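Asks: Next comes the structure file input27.tsv, holding TSV, C-alpha atoms.
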chain	number	residue	atom	x	y	z
Y	60	ILE	CA	-19.64	-10.63	14.15
Y	61	GLU	CA	-23.41	-11.11	14.18
Y	62	GLN	CA	-23.71	-9.33	10.84
Y	63	TRP	CA	-21.04	-11.56	9.31
Y	64	LYS	CA	-22.85	-14.69	10.52
Y	65	ASP	CA	-26.12	-13.55	8.91
Y	66	PRO	CA	-26.32	-14.84	5.29
Y	67	LYS	CA	-28.96	-12.20	4.52
Y	68	ILE	CA	-26.65	-9.24	5.19
Y	69	PHE	CA	-23.74	-10.19	2.89
Y	70	SER	CA	-23.87	-11.83	-0.50
Y	71	ASP	CA	-21.24	-14.39	-1.48
Y	72	VAL	CA	-19.69	-11.80	-3.84
Y	73	GLU	CA	-19.44	-9.21	-1.04
Y	74	ARG	CA	-17.90	-11.75	1.33
Y	75	ASN	CA	-15.32	-12.65	-1.30
Y	76	VAL	CA	-14.39	-8.97	-1.79
Y	77	ILE	CA	-13.96	-8.43	1.95
Y	78	LYS	CA	-11.78	-11.52	2.28
Y	79	ARG	CA	-9.68	-10.43	-0.71
Y	80	VAL	CA	-9.04	-7.02	0.86
Y	81	LEU	CA	-8.22	-8.45	4.28
Y	82	GLY	CA	-5.98	-11.08	2.67
Y	83	PHE	CA	-3.98	-8.46	0.81
Y	84	PHE	CA	-3.62	-6.15	3.81
Y	85	ALA	CA	-2.64	-8.95	6.19
Y	86	THR	CA	0.53	-9.76	4.26
Y	87	ALA	CA	1.30	-6.35	2.74
Y	88	GLU	CA	1.58	-4.74	6.18
Y	89	SER	CA	4.17	-7.33	7.17
Y	90	LEU	CA	6.18	-6.70	4.00
Y	91	VAL	CA	6.11	-2.96	4.66
Y	92	GLY	CA	7.36	-3.47	8.22
Y	93	ASN	CA	10.22	-5.69	7.04
Y	94	ASN	CA	11.22	-3.14	4.39
Y	95	LEU	CA	11.30	-0.34	6.96
Y	96	VAL	CA	13.36	-2.15	9.57
Y	97	LEU	CA	15.72	-4.09	7.32
Y	98	ALA	CA	16.22	-1.65	4.43
Y	99	VAL	CA	15.16	1.98	4.87
Y	100	TYR	CA	16.29	2.36	8.49
Y	101	ARG	CA	19.77	1.09	7.60
Y	102	CYS	CA	20.23	3.66	4.83
Y	103	VAL	CA	18.69	6.75	6.45
Y	104	ASP	CA	20.82	8.04	9.32
Y	105	ASN	CA	19.07	11.32	10.15
Y	106	PRO	CA	18.11	10.88	13.85
Y	107	GLU	CA	14.69	12.53	13.56
Y	108	CYS	CA	13.81	10.37	10.56
Y	109	ARG	CA	14.98	7.27	12.37
Y	110	GLN	CA	12.76	8.10	15.33
Y	111	TYR	CA	9.78	8.35	13.01
Y	112	LEU	CA	10.72	5.13	11.19
Y	113	LEU	CA	10.68	3.32	14.53
Y	114	ARG	CA	7.24	4.75	15.25
Y	115	GLN	CA	6.02	3.68	11.82
Y	116	ALA	CA	7.37	0.16	12.28
Y	117	PHE	CA	5.48	-0.04	15.59
Y	118	GLU	CA	2.27	1.14	13.91
Y	119	GLU	CA	2.69	-1.44	11.12
Y	120	ALA	CA	2.91	-4.12	13.81
Y	121	ILE	CA	-0.36	-2.83	15.31
Y	122	HIS	CA	-1.98	-3.00	11.87
Y	123	ILE	CA	-0.89	-6.61	11.43
Y	124	HIS	CA	-2.35	-7.44	14.84
Y	125	ALA	CA	-5.59	-5.62	13.92
Y	126	PHE	CA	-6.06	-7.72	10.78
Y	127	GLN	CA	-5.27	-10.90	12.68
Y	128	TYR	CA	-7.85	-9.88	15.30
Y	129	ILE	CA	-10.47	-9.25	12.59
Y	130	VAL	CA	-9.75	-12.61	10.91
Y	131	GLN	CA	-10.06	-14.47	14.21
Y	132	SER	CA	-13.14	-12.53	15.35
Y	133	LEU	CA	-15.02	-13.28	12.13
Y	134	SER	CA	-13.88	-16.95	12.31
Y	135	LEU	CA	-12.28	-16.73	8.88
Y	136	ASP	CA	-9.93	-19.47	7.72
Y	137	GLU	CA	-6.51	-18.19	8.83
Y	138	GLY	CA	-4.69	-20.44	6.38
Y	139	GLU	CA	-6.73	-19.04	3.50
Y	140	MET	CA	-6.35	-15.44	4.60
Y	141	PHE	CA	-2.63	-15.38	5.37
Y	142	ASN	CA	-1.67	-17.48	2.34
Y	143	MET	CA	-3.76	-15.47	-0.10
Y	144	TYR	CA	-0.70	-13.64	-1.37
Y	145	ARG	CA	0.64	-17.01	-2.53
Y	146	GLU	CA	-2.60	-18.34	-4.00
Y	147	VAL	CA	-4.26	-15.29	-5.61
Y	148	GLU	CA	-2.22	-14.17	-8.59
Y	149	THR	CA	-3.30	-10.52	-8.59
Y	150	ILE	CA	-2.37	-10.14	-4.90
Y	151	PHE	CA	0.93	-11.96	-5.38
Y	152	ASN	CA	1.82	-9.70	-8.32
Y	153	LYS	CA	1.16	-6.53	-6.31
Y	154	ASP	CA	3.20	-7.68	-3.32
Y	155	GLU	CA	6.10	-8.86	-5.44
Y	156	TYR	CA	6.15	-5.72	-7.56
Y	157	ALA	CA	6.07	-3.24	-4.69
Y	158	MET	CA	8.85	-5.05	-2.85
Y	159	SER	CA	10.95	-5.85	-5.94
Y	160	CYS	CA	13.57	-3.26	-4.93
Y	161	THR	CA	14.04	-4.42	-1.36
Y	162	ASN	CA	16.73	-7.02	-2.01
Y	163	SER	CA	18.97	-4.53	-3.78
Y	164	VAL	CA	18.74	-2.15	-0.80
Y	165	LEU	CA	19.66	-5.02	1.52
Y	166	ASP	CA	22.86	-5.61	-0.45
Y	167	PRO	CA	25.69	-4.98	2.08
Y	168	ASN	CA	27.75	-3.51	-0.75
Y	169	LEU	CA	25.20	-0.78	-1.47
Y	170	ASP	CA	27.08	2.53	-1.46
Y	171	THR	CA	24.89	5.63	-1.09
Y	172	ARG	CA	27.87	7.85	-1.91
Y	173	THR	CA	27.59	6.84	-5.56
Y	174	LYS	CA	24.90	7.93	-8.00
Y	175	GLU	CA	23.41	4.45	-8.30
Y	176	GLY	CA	23.16	3.86	-4.53
Y	177	PRO	CA	20.70	6.68	-3.76
Y	178	GLN	CA	18.74	5.77	-6.91
Y	179	THR	CA	18.33	2.23	-5.60
Y	180	LEU	CA	17.16	3.55	-2.22
Y	181	LEU	CA	14.79	6.09	-3.80
Y	182	LYS	CA	13.17	3.51	-6.06
Y	183	ASN	CA	12.66	1.21	-3.08
Y	184	MET	CA	11.04	4.06	-1.14
Y	185	VAL	CA	8.76	4.88	-4.07
Y	186	GLY	CA	7.70	1.22	-4.06
Y	187	LEU	CA	7.09	1.35	-0.31
Y	188	TYR	CA	5.52	4.75	0.27
Y	189	VAL	CA	4.04	5.78	-3.07
Y	190	ILE	CA	2.95	2.45	-4.57
Y	191	THR	CA	2.14	0.20	-1.60
Y	192	GLU	CA	0.88	2.73	0.94
Y	193	GLY	CA	-0.18	5.45	-1.51
Y	194	ILE	CA	-1.91	3.45	-4.26
Y	195	PHE	CA	-2.42	-0.25	-3.44
Y	196	PHE	CA	-3.73	0.41	0.08
Y	197	TYR	CA	-6.15	3.08	-1.08
Y	198	GLY	CA	-7.99	0.66	-3.35
Y	199	GLY	CA	-8.67	-1.49	-0.28
Y	200	PHE	CA	-9.63	1.48	1.86
Y	201	VAL	CA	-12.30	2.74	-0.54
Y	202	THR	CA	-13.81	-0.74	-0.85
Y	203	MET	CA	-14.01	-1.47	2.87
Y	204	LEU	CA	-15.23	1.98	3.84
Y	205	SER	CA	-18.06	1.63	1.32
Y	206	PHE	CA	-19.41	-1.11	3.60
Y	207	GLY	CA	-18.94	1.20	6.58
Y	208	ARG	CA	-21.14	3.84	4.94
Y	209	GLN	CA	-23.96	1.29	5.06
Y	210	ASN	CA	-23.21	0.51	8.72
Y	211	ARG	CA	-22.07	-2.99	7.86
Y	212	ILE	CA	-19.19	-4.61	9.77
Y	213	PRO	CA	-18.74	-1.30	11.66
Y	214	GLY	CA	-16.04	-2.64	13.98
Y	215	THR	CA	-13.85	-3.77	11.08
Y	216	CYS	CA	-14.41	-0.49	9.25
Y	217	GLU	CA	-13.45	1.46	12.36
Y	218	GLN	CA	-10.12	-0.37	12.37
Y	219	ILE	CA	-9.70	0.43	8.67
Y	220	GLN	CA	-10.31	4.13	9.38
Y	221	TYR	CA	-7.54	4.15	12.00
Y	222	ILE	CA	-5.22	2.36	9.58
Y	223	LEU	CA	-6.08	4.85	6.83
Y	224	ARG	CA	-5.14	7.67	9.20
Y	225	ASP	CA	-1.77	6.06	9.93
Y	226	GLU	CA	-0.98	5.15	6.34
Y	227	SER	CA	-1.75	8.67	5.12
Y	228	ILE	CA	0.81	10.02	7.58
Y	229	HIS	CA	3.33	7.32	6.61
Y	230	MET	CA	2.91	8.15	2.93
Y	231	ASN	CA	3.33	11.89	3.47
Y	232	PHE	CA	6.45	11.33	5.54
Y	233	GLY	CA	7.88	9.01	2.91
Y	234	ILE	CA	7.25	11.40	0.03
Y	235	ASP	CA	8.78	14.27	2.03
Y	236	LEU	CA	11.83	12.08	2.68
Y	237	ILE	CA	12.10	11.17	-1.01
Y	238	ASN	CA	11.87	14.82	-2.02
Y	239	THR	CA	14.47	15.84	0.59
Y	240	ILE	CA	16.95	13.23	-0.64
Y	241	ARG	CA	16.25	14.43	-4.16
Y	242	GLU	CA	16.95	18.07	-3.23
Y	243	GLU	CA	20.15	17.17	-1.41
Y	244	ASN	CA	21.37	15.02	-4.32
Y	245	PRO	CA	20.22	16.79	-7.51
Y	246	ASN	CA	22.55	14.73	-9.70
Y	247	VAL	CA	20.71	11.55	-8.68
Y	248	TRP	CA	17.24	12.52	-9.93
Y	249	ASP	CA	18.03	13.09	-13.61
Y	250	LYS	CA	15.65	12.78	-16.58
Y	251	GLU	CA	16.56	9.16	-17.14
Y	252	PHE	CA	15.80	8.21	-13.53
Y	253	GLU	CA	12.61	10.29	-13.61
Y	254	ALA	CA	11.41	8.22	-16.59
Y	255	VAL	CA	12.19	5.03	-14.64
Y	256	ILE	CA	10.09	6.20	-11.68
Y	257	ILE	CA	7.15	7.23	-13.89
Y	258	THR	CA	7.14	3.81	-15.57
Y	259	PHE	CA	7.50	2.11	-12.17
Y	260	ILE	CA	4.38	3.83	-10.85
Y	261	LYS	CA	2.34	3.42	-14.05
Y	262	ASN	CA	3.01	-0.33	-14.09
Y	263	ALA	CA	1.79	-0.49	-10.48
Y	264	VAL	CA	-1.43	1.26	-11.51
Y	265	GLU	CA	-1.96	-1.45	-14.15
Y	266	LEU	CA	-1.48	-4.16	-11.52
Y	267	GLU	CA	-4.07	-2.47	-9.31
Y	268	HIS	CA	-6.47	-2.37	-12.28
Y	269	ARG	CA	-6.09	-6.12	-12.78
Y	270	TYR	CA	-6.66	-6.69	-9.07
Y	271	CYS	CA	-9.87	-4.62	-9.20
Y	272	GLU	CA	-11.08	-6.56	-12.25
Y	273	GLU	CA	-10.54	-9.86	-10.42
Y	274	CYS	CA	-11.86	-8.67	-7.05
Y	275	LEU	CA	-14.85	-6.63	-8.26
Y	276	ALA	CA	-15.68	-8.45	-11.48
Y	277	THR	CA	-19.45	-8.06	-11.06
Y	278	GLY	CA	-19.40	-4.84	-9.04
Y	279	ILE	CA	-20.75	-4.15	-5.54
Y	280	LEU	CA	-22.02	-1.14	-3.59
Y	281	GLY	CA	-21.99	1.00	-6.74
Y	282	LEU	CA	-18.31	0.15	-7.29
Y	283	ASN	CA	-17.08	-1.57	-10.43
Y	284	PRO	CA	-13.72	-2.09	-12.17
Y	285	ALA	CA	-14.16	0.94	-14.45
Y	286	LEU	CA	-14.96	3.27	-11.54
Y	287	LEU	CA	-12.10	1.90	-9.43
Y	288	LYS	CA	-9.75	2.28	-12.39
Y	289	GLU	CA	-10.62	5.96	-12.63
Y	290	TYR	CA	-10.18	6.36	-8.87
Y	291	VAL	CA	-6.78	4.65	-8.86
Y	292	GLN	CA	-5.61	6.85	-11.74
Y	293	TYR	CA	-6.75	9.94	-9.84
Y	294	ILE	CA	-4.85	8.80	-6.74
Y	295	ALA	CA	-1.77	8.05	-8.84
Y	296	ASP	CA	-1.86	11.53	-10.38
Y	297	ARG	CA	-1.88	13.03	-6.88
Y	298	ARG	CA	1.21	11.00	-6.03
Y	299	PHE	CA	2.95	12.10	-9.25
Y	300	LYS	CA	2.21	15.71	-8.38
Y	301	ARG	CA	3.64	15.34	-4.85
Y	302	LEU	CA	6.84	13.98	-6.38
Y	303	GLY	CA	7.09	16.95	-8.73
Y	304	LEU	CA	6.35	14.71	-11.72
Y	305	PRO	CA	3.83	15.39	-14.50
Y	306	GLU	CA	0.35	13.90	-14.05
Y	307	GLN	CA	-0.17	10.92	-16.34
Y	308	TYR	CA	-3.92	10.32	-16.44
Y	309	GLY	CA	-5.85	13.55	-15.96
Y	310	SER	CA	-8.58	11.77	-13.97
Y	311	GLU	CA	-10.87	14.00	-11.93
Can you dump the structure from the file as structure tokens?

Replies:
Amino acid sequence: IEQWKDPKIFSDVERNVIKRVLGFFATAESLVGNNLVLAVYRCVDNPECRQYLLRQAFEEAIHIHAFQYIVQSLSLDEGEMFNMYREVETIFNKDEYAMSCTNSVLDPNLDTRTKEGPQTLLKNMVGLYVITEGIFFYGGFVTMLSFGRQNRIPGTCEQIQYILRDESIHMNFGIDLINTIREENPNVWDKEFEAVIITFIKNAVELEHRYCEECLATGILGLNPALLKEYVQYIADRRFKRLGLPEQYGSE
């Protein structure tokens, strides 16, 4: 808190980046929680998976509280922070894109016994676990933890480290669940659907690039849009590989 109050410790550009990251996380965590409870839990009836989904939903609630606590502790404008997803186009586009499949999963007429039903669920889960938690969140993690390496806002960065731990586990669970559904329903994951998923993820990478260009236009802490673009592509290739899909970028 004392660091944040000191105008000599953070430049206006750095403060803007931190607020952008917190603003994105504050709403994205809520969207993830809603997707889990209202969509995924309803479609997945394996008892062990449901137990974990309940745990994940609880952890998402803790994350939301953590961001609210940070916003209040740093005396940030709560209206600005929690409405950022409405007012900042690049954040709005990421949130809307990742959750674009949720409504179709909430359709009471969704039938997972058909070919199209599991495809709808799988695409929603890719948006939730691979794109939101596995790509979008990681751009925020690397930015915030770069401040932590300089021992700036250490309390906030400690919270981010705990959230990174949780989200990594969430993502791995989600990808394992996707792959299990795929193995149990081989007719669902055909070449046509595979192409849809690849395009879905690649478009998300482009949205993250635009967000980085807006958020880090002048660069901070040795980070810049070009470097973040390469990092996001590397992360995306790791996600493609976990899904048994060909890597698309070849970033190292």

Asks: Counting all atoms listed in the file, which residues come within 10 Å of (13.6, -10.5, 1.4), with the point read in the file's coordinates, and could you list them as a short mmCIF file (atom, residue, chain, number, x, y, z; two decimals) with C-alpha atoms, in the frame of the given file?

Replies:
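point-v4.cif, written as the output of this step:
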data_model
loop_
_atom_site.label_atom_id
_atom_site.label_comp_id
_atom_site.auth_asym_id
_atom_site.auth_seq_id
_atom_site.Cartn_x
_atom_site.Cartn_y
_atom_site.Cartn_z
CA LEU Y 90 6.18 -6.70 4.00
CA ASN Y 93 10.22 -5.69 7.04
CA ASN Y 94 11.22 -3.14 4.39
CA LEU Y 97 15.72 -4.09 7.32
CA ALA Y 98 16.22 -1.65 4.43
CA MET Y 158 8.85 -5.05 -2.85
CA SER Y 159 10.95 -5.85 -5.94
CA CYS Y 160 13.57 -3.26 -4.93
CA THR Y 161 14.04 -4.42 -1.36
CA ASN Y 162 16.73 -7.02 -2.01
CA SER Y 163 18.97 -4.53 -3.78
CA LEU Y 165 19.66 -5.02 1.52
#

Asks: Go through Y:Arg211, Y:Cys102, Y:Asp65, Y:Ile123 and flag the residue nearest Gly176 (chain Y), using all atoms listed in the file for the distances.

Replies: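 Closest residue, counting all atoms listed in the file: Y:Cys102.
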
Asks: Hey, can you check how far CA of Glu139 (chain Y) sits from CA of Ser205 (chain Y)?

Replies: 23.7 Å

Asks: Got a sec: who's within 10 Å of Ser227 (chain Y), counting all atoms listed in the file, leaving out chain neighbours fewer than 6 positions off, as a ChimeraX atom specification?

Replies: /Y:188,192-193,196-197,233

Asks: Of the candidates Y:Ile190, Y:Ile219, Y:Cys108, Y:Val130, which shows the shortest atom-to-atom distance to Thr202 (chain Y), using all atoms listed in the file?

Replies: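 The answer is Y:Ile219, which sits nearest to Thr202 (chain Y).
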
Asks: Please measure the separation of CA of Glu146 (chain Y) and CA of Asn262 (chain Y), giving the value in Å to one decimal.

Replies: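 A separation of 21.4 Å between them.
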
Asks: Taking into account all atoms listed in the file, which residue in the set Y:Met140, Y:Ile121, Y:Leu95, Y:Leu302 is nearest to Asp235 (chain Y)?

Replies: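 Going through Y:Met140, Y:Ile121, Y:Leu95, Y:Leu302 one by one, the smallest distance to Asp235 (chain Y) is for Y:Leu302.
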